[in-house]
$ cat work.tsv   # TSV, C-alpha atoms
chain	number	residue	atom	x	y	z
J	1	MET	CA	-5.79	-53.25	-17.82
J	2	ASN	CA	-4.16	-52.41	-14.55
J	3	THR	CA	-6.18	-49.64	-12.93
J	4	ILE	CA	-4.76	-47.33	-10.29
J	5	GLN	CA	-6.41	-44.69	-8.16
J	6	ILE	CA	-5.26	-41.12	-8.38
J	7	GLU	CA	-6.64	-37.93	-6.90
J	8	LEU	CA	-7.79	-35.65	-9.68
J	9	ASN	CA	-8.81	-32.10	-8.78
J	10	GLY	CA	-9.52	-33.17	-5.23
J	11	ARG	CA	-11.53	-36.32	-6.02
J	12	PRO	CA	-10.60	-39.99	-6.38
J	13	HIS	CA	-10.27	-40.96	-10.01
J	14	PRO	CA	-9.36	-44.24	-11.72
J	15	ALA	CA	-6.58	-44.26	-14.29
J	16	ASP	CA	-4.78	-46.82	-16.39
J	17	ALA	CA	-1.40	-47.63	-14.84
J	18	THR	CA	0.27	-47.12	-18.22
J	19	TYR	CA	-1.08	-43.60	-18.68
J	20	THR	CA	1.12	-40.62	-19.22
J	21	LEU	CA	-0.19	-37.14	-18.39
J	22	ALA	CA	-0.82	-36.59	-22.11
J	23	ASP	CA	-2.95	-39.77	-22.19
J	24	LEU	CA	-4.95	-38.58	-19.19
J	25	VAL	CA	-5.54	-35.16	-20.76
J	26	ALA	CA	-6.72	-36.78	-24.00
J	27	LYS	CA	-8.95	-39.24	-22.13
J	28	LEU	CA	-10.59	-36.34	-20.28
J	29	GLY	CA	-11.29	-34.55	-23.56
J	30	LEU	CA	-9.00	-31.68	-22.64
J	31	ALA	CA	-6.34	-32.01	-25.35
J	32	GLY	CA	-5.44	-28.72	-26.99
J	33	LYS	CA	-7.02	-26.57	-24.28
J	34	SER	CA	-5.26	-23.83	-22.37
J	35	LEU	CA	-4.36	-25.65	-19.16
J	36	ALA	CA	-1.73	-26.17	-16.53
J	37	ILE	CA	-1.14	-29.41	-14.64
J	38	SER	CA	0.63	-30.26	-11.42
J	39	ILE	CA	1.43	-33.56	-9.80
J	40	ASN	CA	1.76	-33.39	-6.04
J	41	ARG	CA	1.95	-29.59	-6.37
J	42	GLU	CA	4.88	-29.72	-8.81
J	43	VAL	CA	4.06	-27.91	-12.06
J	44	ILE	CA	4.63	-30.24	-15.03
J	45	LYS	CA	5.55	-28.42	-18.23
J	46	ARG	CA	3.37	-29.14	-21.25
J	47	GLY	CA	6.36	-30.51	-23.15
J	48	ASP	CA	6.83	-33.14	-20.45
J	49	TRP	CA	3.25	-34.45	-20.48
J	50	PRO	CA	3.92	-37.20	-23.06
J	51	GLN	CA	6.76	-38.68	-20.98
J	52	ARG	CA	5.43	-38.18	-17.48
J	53	ARG	CA	3.82	-41.39	-16.17
J	54	ILE	CA	1.03	-41.33	-13.64
J	55	GLU	CA	1.54	-43.24	-10.40
J	56	ALA	CA	-0.91	-44.53	-7.85
J	57	ALA	CA	-1.97	-41.93	-5.29
J	58	ASP	CA	-0.62	-39.03	-7.37
J	59	ARG	CA	-2.46	-35.82	-6.56
J	60	ILE	CA	-3.07	-34.26	-9.94
J	61	GLU	CA	-4.52	-30.80	-10.48
J	62	ILE	CA	-5.67	-29.52	-13.87
J	63	VAL	CA	-6.48	-25.80	-13.99
J	64	HIS	CA	-7.63	-23.23	-16.50
J	65	ALA	CA	-8.35	-19.50	-16.60
J	66	ILE	CA	-11.70	-18.19	-15.46
J	67	GLY	CA	-13.01	-14.68	-14.84
J	68	GLY	CA	-11.49	-12.82	-11.94
J	69	GLY	CA	-10.43	-9.37	-10.83
R	70	MET	CA	-4.24	26.37	-31.77
R	71	ASN	CA	-6.24	23.62	-33.39
R	72	LEU	CA	-8.03	20.90	-31.48
R	73	ASN	CA	-5.54	18.35	-32.76
R	74	ASP	CA	-2.67	20.33	-31.24
R	75	LEU	CA	-4.11	20.21	-27.73
R	76	PRO	CA	-1.97	18.42	-25.17
R	77	ALA	CA	-4.94	16.17	-24.35
R	78	GLY	CA	-4.41	14.64	-27.77
R	79	ALA	CA	-0.99	13.35	-26.75
R	80	ASP	CA	-1.60	9.66	-26.24
R	81	THR	CA	1.71	9.16	-24.50
R	82	ASP	CA	0.14	11.00	-21.55
R	83	HIS	CA	-2.31	8.14	-21.22
R	84	GLN	CA	0.03	5.23	-21.65
R	85	LEU	CA	1.15	2.90	-18.90
R	86	THR	CA	4.52	1.19	-18.86
R	87	VAL	CA	4.86	-1.88	-16.61
R	88	ALA	CA	7.84	-4.22	-16.59
R	89	GLY	CA	9.21	-2.66	-19.77
R	90	LYS	CA	6.04	-2.96	-21.84
R	91	THR	CA	3.91	0.05	-22.78
R	92	TYR	CA	0.11	-0.07	-22.95
R	93	ASN	CA	-2.17	2.53	-24.50
R	94	SER	CA	-4.46	2.80	-21.48
R	95	LYS	CA	-4.01	3.37	-17.77
R	96	LEU	CA	-7.07	1.28	-17.06
R	97	LEU	CA	-6.77	-2.40	-16.14
R	98	VAL	CA	-9.89	-4.52	-15.93
R	99	GLY	CA	-10.95	-7.79	-14.37
R	100	THR	CA	-13.07	-10.48	-16.00
R	101	GLY	CA	-15.11	-11.72	-13.02
R	102	LYS	CA	-18.85	-11.40	-12.37
R	103	TYR	CA	-20.00	-10.91	-15.97
R	104	LYS	CA	-23.15	-12.51	-17.38
R	105	ASP	CA	-21.17	-14.46	-19.99
R	106	PHE	CA	-17.90	-14.39	-21.91
R	107	GLN	CA	-19.36	-12.27	-24.72
R	108	GLU	CA	-20.33	-9.55	-22.26
R	109	THR	CA	-16.88	-9.86	-20.68
R	110	ARG	CA	-15.24	-9.32	-24.06
R	111	ASP	CA	-17.51	-6.42	-25.02
R	112	ALA	CA	-16.76	-4.63	-21.74
R	113	VAL	CA	-13.03	-5.26	-22.03
R	114	VAL	CA	-12.96	-3.88	-25.57
R	115	ALA	CA	-15.09	-0.85	-24.62
R	116	SER	CA	-12.77	-0.06	-21.71
R	117	GLY	CA	-9.80	0.35	-24.05
R	118	THR	CA	-7.60	-1.60	-21.66
R	119	GLY	CA	-4.48	-3.51	-22.64
R	120	ILE	CA	-4.26	-5.59	-19.46
R	121	VAL	CA	-6.93	-8.04	-18.37
R	122	THR	CA	-6.89	-10.00	-15.12
R	123	VAL	CA	-7.96	-13.63	-14.90
R	124	THR	CA	-7.93	-16.18	-12.13
R	125	VAL	CA	-6.89	-19.83	-12.10
R	126	ARG	CA	-9.24	-22.60	-11.02
R	127	ARG	CA	-9.63	-26.37	-11.33
R	128	VAL	CA	-11.27	-27.64	-14.49
R	129	ASN	CA	-14.61	-29.39	-13.88
R	130	ILE	CA	-13.66	-32.96	-14.74
R	131	GLY	CA	-16.13	-34.77	-16.95
R	132	GLN	CA	-18.43	-31.80	-17.39
R	133	HIS	CA	-18.95	-29.45	-20.30
R	134	GLN	CA	-15.68	-30.24	-22.04
R	135	ASP	CA	-16.91	-28.36	-25.09
R	136	GLU	CA	-17.83	-25.21	-23.21
R	137	PRO	CA	-16.05	-22.03	-24.33
R	138	ASN	CA	-12.93	-20.87	-22.55
R	139	LEU	CA	-12.44	-17.33	-21.27
R	140	LEU	CA	-9.16	-17.07	-23.19
R	141	ASP	CA	-11.02	-17.65	-26.47
R	142	PHE	CA	-12.83	-14.37	-25.80
R	143	VAL	CA	-9.91	-12.36	-24.40
R	144	PRO	CA	-7.03	-14.02	-26.24
R	145	PRO	CA	-3.45	-13.54	-25.07
R	146	GLY	CA	-2.55	-12.37	-28.58
R	147	GLU	CA	-4.87	-9.40	-28.20
R	148	PHE	CA	-4.51	-8.51	-24.51
R	149	THR	CA	-1.88	-8.95	-21.86
R	150	ILE	CA	-3.33	-11.54	-19.52
R	151	LEU	CA	-2.63	-10.82	-15.87
R	152	PRO	CA	-3.23	-13.94	-13.76
R	153	ASN	CA	-4.14	-13.22	-10.17
R	154	THR	CA	-4.12	-15.16	-6.92
R	155	GLY	CA	-7.66	-14.32	-5.87
R	156	GLY	CA	-8.80	-16.70	-3.15
R	157	CYS	CA	-5.29	-17.36	-1.79
R	158	TYR	CA	-4.80	-16.78	1.93
R	159	ASN	CA	-1.13	-17.70	2.29
R	160	ALA	CA	2.13	-17.22	0.41
R	161	ALA	CA	2.56	-20.89	-0.56
R	162	ASP	CA	-0.84	-21.10	-2.28
R	163	ALA	CA	-0.26	-17.80	-4.09
R	164	VAL	CA	3.15	-18.87	-5.39
R	165	TYR	CA	1.82	-22.24	-6.55
R	166	THR	CA	-1.16	-20.60	-8.27
R	167	LEU	CA	1.08	-18.24	-10.22
R	168	GLN	CA	3.49	-21.01	-11.19
R	169	MET	CA	0.49	-22.86	-12.65
R	170	ALA	CA	-0.69	-19.68	-14.38
R	171	ARG	CA	2.73	-19.11	-15.91
R	172	GLU	CA	2.72	-22.61	-17.35
R	173	MET	CA	-0.85	-22.17	-18.62
R	174	LEU	CA	0.13	-18.95	-20.38
R	175	GLY	CA	3.24	-20.35	-21.97
R	176	GLY	CA	5.84	-18.87	-19.64
R	177	HIS	CA	4.53	-15.33	-19.34
R	178	SER	CA	6.02	-13.72	-16.23
R	179	LEU	CA	3.71	-10.77	-15.44
R	180	CYS	CA	1.37	-11.54	-12.56
R	181	LYS	CA	-0.89	-9.96	-9.96
R	182	LEU	CA	-0.13	-11.12	-6.44
R	183	GLU	CA	-2.88	-10.82	-3.87
R	184	VAL	CA	-2.76	-12.67	-0.59
R	185	LEU	CA	-5.94	-12.13	1.34
R	186	GLY	CA	-6.33	-11.78	5.08
R	187	ASP	CA	-9.94	-12.75	5.73
R	188	GLU	CA	-13.16	-13.38	3.86
R	189	LYS	CA	-15.05	-10.50	5.39
R	190	THR	CA	-12.73	-7.71	4.29
R	191	LEU	CA	-10.52	-9.38	1.65
R	192	PHE	CA	-7.90	-7.04	3.07
R	193	PRO	CA	-4.37	-8.06	2.11
R	194	ASN	CA	-2.33	-10.19	4.51
R	195	MET	CA	0.84	-8.14	4.23
R	196	PRO	CA	3.37	-10.49	5.92
R	197	GLU	CA	2.29	-13.29	3.56
R	198	THR	CA	2.23	-10.87	0.60
R	199	LEU	CA	5.83	-9.83	1.28
R	200	LYS	CA	6.90	-13.45	1.63
R	201	ALA	CA	5.20	-14.49	-1.62
R	202	ALA	CA	6.56	-11.46	-3.51
R	203	GLU	CA	10.10	-12.34	-2.52
R	204	THR	CA	9.75	-15.95	-3.68
R	205	LEU	CA	8.07	-14.98	-6.96
R	206	ILE	CA	10.66	-12.34	-7.83
R	207	LYS	CA	13.47	-14.83	-7.21
R	208	ASP	CA	11.62	-17.25	-9.49
R	209	GLY	CA	11.61	-14.69	-12.32
R	210	PHE	CA	8.10	-13.27	-12.06
R	211	ASP	CA	7.24	-9.61	-12.71
R	212	VAL	CA	5.04	-8.99	-9.70
R	213	MET	CA	2.27	-6.41	-9.63
R	214	VAL	CA	1.18	-6.47	-6.02
R	215	TYR	CA	-2.17	-5.77	-4.36
R	216	CYS	CA	-1.34	-4.24	-1.00
R	217	SER	CA	-2.57	-2.16	1.89
R	218	ASP	CA	-2.24	1.61	1.71
R	219	ASP	CA	0.63	1.58	4.20
R	220	PRO	CA	3.53	3.53	2.65
R	221	ILE	CA	6.14	1.64	4.66
R	222	GLN	CA	5.10	-1.77	3.38
R	223	ALA	CA	4.58	-0.35	-0.12
R	224	LYS	CA	8.21	0.77	-0.01
R	225	MET	CA	9.33	-2.68	1.13
R	226	LEU	CA	7.56	-4.23	-1.87
R	227	GLU	CA	9.10	-1.71	-4.23
R	228	ASP	CA	12.60	-2.23	-2.82
R	229	MET	CA	12.14	-5.96	-3.20
R	230	GLY	CA	11.58	-5.48	-6.94
R	231	CYS	CA	7.81	-5.48	-7.50
R	232	VAL	CA	7.01	-3.92	-10.88
R	233	ALA	CA	3.81	-2.16	-9.75
R	234	ILE	CA	2.44	-1.22	-6.34
R	235	MET	CA	-1.33	-1.65	-6.18
R	236	PRO	CA	-2.88	-0.33	-2.97
R	237	LEU	CA	-6.59	-0.67	-2.37
R	238	ALA	CA	-8.78	2.45	-2.34
R	239	SER	CA	-11.46	0.63	-0.35
R	240	LEU	CA	-12.48	-3.02	0.07
R	241	ILE	CA	-12.54	-5.31	-2.98
R	242	GLY	CA	-15.98	-5.29	-4.57
R	243	SER	CA	-17.30	-2.64	-2.17
R	244	GLY	CA	-17.62	0.24	-4.64
R	245	MET	CA	-16.94	2.62	-1.75
R	246	GLY	CA	-14.54	4.76	-3.76
R	247	ILE	CA	-11.30	6.45	-2.74
R	248	LEU	CA	-11.41	6.44	1.07
R	249	ASN	CA	-7.71	7.04	1.63
R	250	PRO	CA	-6.49	9.84	-0.67
R	251	TRP	CA	-3.78	10.95	1.76
R	252	ASN	CA	-2.24	7.53	2.12
R	253	LEU	CA	-2.42	6.96	-1.62
R	254	SER	CA	-0.69	10.32	-2.14
R	255	LEU	CA	2.13	9.34	0.23
R	256	ILE	CA	2.65	6.14	-1.73
R	257	ILE	CA	2.48	7.89	-5.12
R	258	GLU	CA	4.98	10.50	-4.00
R	259	GLN	CA	7.61	8.01	-2.86
R	260	THR	CA	7.25	5.28	-5.50
R	261	GLN	CA	9.33	4.99	-8.67
R	262	VAL	CA	7.41	2.09	-10.25
R	263	PRO	CA	3.77	2.50	-11.34
R	264	VAL	CA	1.20	2.92	-8.58
R	265	ILE	CA	-2.14	1.44	-9.59
R	266	VAL	CA	-5.23	1.80	-7.44
R	267	ASP	CA	-6.63	-1.70	-7.19
R	268	ALA	CA	-10.05	-2.24	-5.61
R	269	GLY	CA	-12.82	-0.05	-4.33
R	270	VAL	CA	-13.71	2.04	-7.37
R	271	GLY	CA	-17.51	2.23	-7.69
R	272	THR	CA	-18.16	4.66	-10.48
R	273	ALA	CA	-16.44	6.92	-12.99
R	274	SER	CA	-15.82	9.81	-10.60
R	275	ASP	CA	-13.89	7.45	-8.29
R	276	ALA	CA	-11.59	6.49	-11.16
R	277	ALA	CA	-11.10	10.16	-12.01
R	278	ILE	CA	-10.27	10.99	-8.39
R	279	ALA	CA	-7.69	8.20	-8.28
R	280	MET	CA	-6.06	9.55	-11.42
R	281	GLU	CA	-6.20	13.15	-10.16
R	282	LEU	CA	-4.11	12.03	-7.18
R	283	GLY	CA	-1.37	11.14	-9.65
R	284	CYS	CA	-1.81	7.37	-9.86
R	285	ASP	CA	-0.36	5.64	-12.89
R	286	GLY	CA	-3.42	3.49	-13.38
R	287	VAL	CA	-6.60	2.02	-11.96
R	288	LEU	CA	-7.60	-1.65	-11.84
R	289	MET	CA	-11.27	-2.49	-11.47
R	290	ASN	CA	-13.71	-5.30	-12.01
R	291	THR	CA	-17.00	-5.10	-10.11
R	292	ALA	CA	-17.62	-1.43	-10.91
R	293	ILE	CA	-17.93	-2.38	-14.57
R	294	ALA	CA	-19.30	-5.91	-14.32
R	295	LYS	CA	-22.05	-5.05	-11.85
R	296	ALA	CA	-23.17	-1.78	-13.42
R	297	ARG	CA	-26.67	-1.99	-14.89
R	298	ASP	CA	-25.08	-1.56	-18.32
R	299	PRO	CA	-21.50	-2.89	-18.09
R	300	ILE	CA	-20.51	-1.88	-21.62
R	301	ARG	CA	-21.53	1.73	-21.09
R	302	MET	CA	-19.78	1.77	-17.70
R	303	ALA	CA	-16.63	0.46	-19.36
R	304	LEU	CA	-16.78	3.45	-21.71
R	305	ALA	CA	-17.35	5.76	-18.74
R	306	MET	CA	-14.31	4.31	-16.97
R	307	ARG	CA	-12.16	4.67	-20.08
R	308	ASP	CA	-13.08	8.35	-20.28
R	309	ALA	CA	-12.83	8.94	-16.52
R	310	VAL	CA	-9.29	7.58	-16.36
R	311	ARG	CA	-8.29	9.87	-19.22
R	312	ALA	CA	-10.13	12.84	-17.69
R	313	GLY	CA	-8.50	12.30	-14.32
R	314	ARG	CA	-5.07	11.99	-15.89
R	315	ASN	CA	-5.57	15.18	-17.87
R	316	ALA	CA	-6.75	17.00	-14.74
R	317	TYR	CA	-3.69	15.79	-12.84
R	318	LEU	CA	-1.36	16.93	-15.63
R	319	ALA	CA	-3.23	20.25	-15.94
R	320	GLY	CA	-2.86	20.95	-12.20
R	321	ARG	CA	-5.99	21.92	-10.34
R	322	MET	CA	-6.64	25.48	-9.13
R	323	PRO	CA	-5.93	26.17	-5.49
R	324	ARG	CA	-8.86	25.73	-3.12
R	325	ARG	CA	-9.97	28.95	-1.42
R	326	PHE	CA	-12.49	29.71	1.25
R	327	ALA	CA	-13.69	33.00	-0.23
R	328	ALA	CA	-15.64	33.40	-3.45
R	329	SER	CA	-13.93	34.97	-6.42
R	330	PRO	CA	-16.13	36.29	-9.25
R	331	SER	CA	-15.43	34.86	-12.66
R	332	SER	CA	-16.78	37.98	-14.37
R	333	PRO	CA	-14.78	41.19	-14.03
R	334	MET	CA	-16.36	43.99	-11.97
R	335	ALA	CA	-14.90	46.74	-14.16
R	336	GLY	CA	-17.46	48.29	-16.54
R	337	LEU	CA	-20.39	46.92	-14.56
R	338	MET	CA	-23.59	48.74	-15.53
R	339	THR	CA	-25.11	50.37	-12.48

$ encode --input "work.tsv" --output "structure tokens"
Amino acid sequence: MNTIQIELNGRPHPADATYTLADLVAKLGLAGKSLAISINREVIKRGDWPQRRIEAADRIEIVHAIGGG
Amino acid sequence: MNLNDLPAGADTDHQLTVAGKTYNSKLLVGTGKYKDFQETRDAVVASGTGIVTVTVRRVNIGQHQDEPNLLDFVPPGEFTILPNTGGCYNAADAVYTLQMAREMLGGHSLCKLEVLGDEKTLFPNMPETLKAAETLIKDGFDVMVYCSDDPIQAKMLEDMGCVAIMPLASLIGSGMGILNPWNLSLIIEQTQVPVIVDAGVGTASDAAIAMELGCDGVLMNTAIAKARDPIRMALAMRDAVRAGRNAYLAGRMPRRFAASPSSPMAGLMT
């Protein structure tokens, strides 16, 4: 397995070089949850997660809704 | 006249229409600072609101993946979810946050823009707010905007195409009440889109005062969440917003310096 380093929610994180965003989401146990994801600050639509490959040094953010006013 | 015929029974008087959608309450509530999601839901339901604000934050990676999600308790099928930009101090961060929120909510365009100026006051940074509003509107968002109580900048935001103008009544989370009734009145008078007082309400009378000024709605969070009994305060706010609206529509009596007896003097026994 070829492992690459990405930045996930502000922290270094290892990932398989063959991963798509959908793979990453599943691996993190987040499949099916109400989320949004960006790579390098570009919002990636949910429908594109299965095709979008992760690259080394990608800055990935995964967000959800929490309480706020 | 029967009780059911009273004008106060006309629910259209208490509806709020924003960006073409009509809600059955003029109260909007936040979801921050509650003990847990069940209390959040109970307060939201008690308030009678149709619009609930949420904020967008990073998921904790590797922790509590099975923990409940806020949107399971206030589901988008039951309430209109209004994502905010709380914590953003510049236009770029606010725009990015709302683009993420739109994707999270399946393309829903209604949003609450707030660009803060500093941590001490959480007062809006108006130049950055104007900049973000312009970008968001061009990108197809329906922008409800937290702003200062400056009528000139409120007008700029309205002219730009914001769907609701939301001036603060006092600082976010301060519970200081309506400190600027004259400025709010100037904004209400000139604005064609809904004016919603956002921030500063501390208790039910504050919400009523805001509505008596002629506001189209009130948005609050801490006043409910940090009451000793949030559910009961949510009920109080629901009623206060309706009471204030009815008082506004009824038209208050003129103030006078001299007393005026309520009981007639004629026929007084002497």

$ residues_around --input "work.tsv" --residues "Glu281 (chain R)" --least-positions-apart "5" --cutoff "10 Å" --atoms "all atoms listed in the file" --output "VMD selection string"
chain R and resid 275 to 276 310 to 321

$ write_last_selection --input "work.tsv" --atoms "C-alpha atoms" --output "PDB file, keeping the file's coordinate frame"
ATOM      1  CA  ASP R 275     -13.890   7.450  -8.290  1.00  0.00           C
ATOM      2  CA  ALA R 276     -11.590   6.490 -11.160  1.00  0.00           C
ATOM      3  CA  VAL R 310      -9.290   7.580 -16.360  1.00  0.00           C
ATOM      4  CA  ARG R 311      -8.290   9.870 -19.220  1.00  0.00           C
ATOM      5  CA  ALA R 312     -10.130  12.840 -17.690  1.00  0.00           C
ATOM      6  CA  GLY R 313      -8.500  12.300 -14.320  1.00  0.00           C
ATOM      7  CA  ARG R 314      -5.070  11.990 -15.890  1.00  0.00           C
ATOM      8  CA  ASN R 315      -5.570  15.180 -17.870  1.00  0.00           C
ATOM      9  CA  ALA R 316      -6.750  17.000 -14.740  1.00  0.00           C
ATOM     10  CA  TYR R 317      -3.690  15.790 -12.840  1.00  0.00           C
ATOM     11  CA  LEU R 318      -1.360  16.930 -15.630  1.00  0.00           C
ATOM     12  CA  ALA R 319      -3.230  20.250 -15.940  1.00  0.00           C
ATOM     13  CA  GLY R 320      -2.860  20.950 -12.200  1.00  0.00           C
ATOM     14  CA  ARG R 321      -5.990  21.920 -10.340  1.00  0.00           C
TER      15      ARG R 321
END

$ residues_around --input "work.tsv" --residues "region 26-38 of chain J" --least-positions-apart "5" --cutoff "9 Å" --atoms "only C-alpha atoms" --output "compact mmCIF listing (two decimals) with C-alpha atoms, in the coordinates of the input"
# COMPACT_ATOMS: atom_id res chain seq x y z
CA LEU J 21 -0.19 -37.14 -18.39
CA VAL J 43 4.06 -27.91 -12.06
CA ILE J 44 4.63 -30.24 -15.03
CA LYS J 45 5.55 -28.42 -18.23
CA ARG J 46 3.37 -29.14 -21.25
CA TRP J 49 3.25 -34.45 -20.48
CA ARG J 59 -2.46 -35.82 -6.56
CA ILE J 60 -3.07 -34.26 -9.94
CA GLU J 61 -4.52 -30.80 -10.48
CA ILE J 62 -5.67 -29.52 -13.87
CA VAL J 63 -6.48 -25.80 -13.99
CA HIS J 64 -7.63 -23.23 -16.50
CA ALA J 65 -8.35 -19.50 -16.60
CA VAL R 128 -11.27 -27.64 -14.49
CA ILE R 130 -13.66 -32.96 -14.74
CA GLY R 131 -16.13 -34.77 -16.95
CA GLN R 134 -15.68 -30.24 -22.04
CA ASP R 135 -16.91 -28.36 -25.09
CA ASN R 138 -12.93 -20.87 -22.55
CA LEU R 140 -9.16 -17.07 -23.19
CA MET R 169 0.49 -22.86 -12.65
CA ALA R 170 -0.69 -19.68 -14.38
CA ARG R 171 2.73 -19.11 -15.91
CA GLU R 172 2.72 -22.61 -17.35
CA MET R 173 -0.85 -22.17 -18.62
CA LEU R 174 0.13 -18.95 -20.38

$ closest_residue --input "work.tsv" --among "R:Met289, R:Met338, R:Val164, R:Cys216" --to "chain J" --atoms "only C-alpha atoms"
R:Met289

$ interface_residues --input "work.tsv" --of "chain R" --to "chain J" --cutoff "10 Å" --atoms "all atoms listed in the file" --output "VMD selection string"
chain R and resid 97 to 103 105 to 106 109 121 to 135 138 to 141 150 to 156 162 165 to 166 168 to 176 181 241 to 242 267 to 268 288 to 291

$ residues_around --input "work.tsv" --residues "Thr260 (chain R)" --least-positions-apart "3" --cutoff "9 Å" --atoms "all atoms listed in the file" --output "list in words"
Ala223, Lys224, Glu227, Ile234, Leu255, Ile256, Ile257, Pro263 and Val264 of chain R

$ atom_distance --input "work.tsv" --atom1 "CA of Tyr19 (chain J)" --atom2 "CA of Glu136 (chain R)"
25.3 Å

$ residues_around --input "work.tsv" --residues "Tyr92 (chain R)" --least-positions-apart "4" --cutoff "12 Å" --atoms "all atoms listed in the file" --output "PDB file with C-alpha atoms, in the frame of the given file"
ATOM      1  CA  ASP R  80      -1.600   9.660 -26.240  1.00  0.00           C
ATOM      2  CA  THR R  81       1.710   9.160 -24.500  1.00  0.00           C
ATOM      3  CA  ASP R  82       0.140  11.000 -21.550  1.00  0.00           C
ATOM      4  CA  HIS R  83      -2.310   8.140 -21.220  1.00  0.00           C
ATOM      5  CA  GLN R  84       0.030   5.230 -21.650  1.00  0.00           C
ATOM      6  CA  LEU R  85       1.150   2.900 -18.900  1.00  0.00           C
ATOM      7  CA  THR R  86       4.520   1.190 -18.860  1.00  0.00           C
ATOM      8  CA  VAL R  87       4.860  -1.880 -16.610  1.00  0.00           C
ATOM      9  CA  ALA R  88       7.840  -4.220 -16.590  1.00  0.00           C
ATOM     10  CA  LEU R  96      -7.070   1.280 -17.060  1.00  0.00           C
ATOM     11  CA  LEU R  97      -6.770  -2.400 -16.140  1.00  0.00           C
ATOM     12  CA  GLY R 117      -9.800   0.350 -24.050  1.00  0.00           C
ATOM     13  CA  THR R 118      -7.600  -1.600 -21.660  1.00  0.00           C
ATOM     14  CA  GLY R 119      -4.480  -3.510 -22.640  1.00  0.00           C
ATOM     15  CA  ILE R 120      -4.260  -5.590 -19.460  1.00  0.00           C
ATOM     16  CA  VAL R 121      -6.930  -8.040 -18.370  1.00  0.00           C
ATOM     17  CA  GLU R 147      -4.870  -9.400 -28.200  1.00  0.00           C
ATOM     18  CA  PHE R 148      -4.510  -8.510 -24.510  1.00  0.00           C
ATOM     19  CA  THR R 149      -1.880  -8.950 -21.860  1.00  0.00           C
ATOM     20  CA  ASP R 285      -0.360   5.640 -12.890  1.00  0.00           C
ATOM     21  CA  GLY R 286      -3.420   3.490 -13.380  1.00  0.00           C
TER      22      GLY R 286
END

$ residues_around --input "work.tsv" --residues "Ile4 (chain J)" --least-positions-apart "6" --cutoff "12 Å" --atoms "all atoms listed in the file" --output "MDAnalysis selection string"
chainID J and resid 12:19 53:58
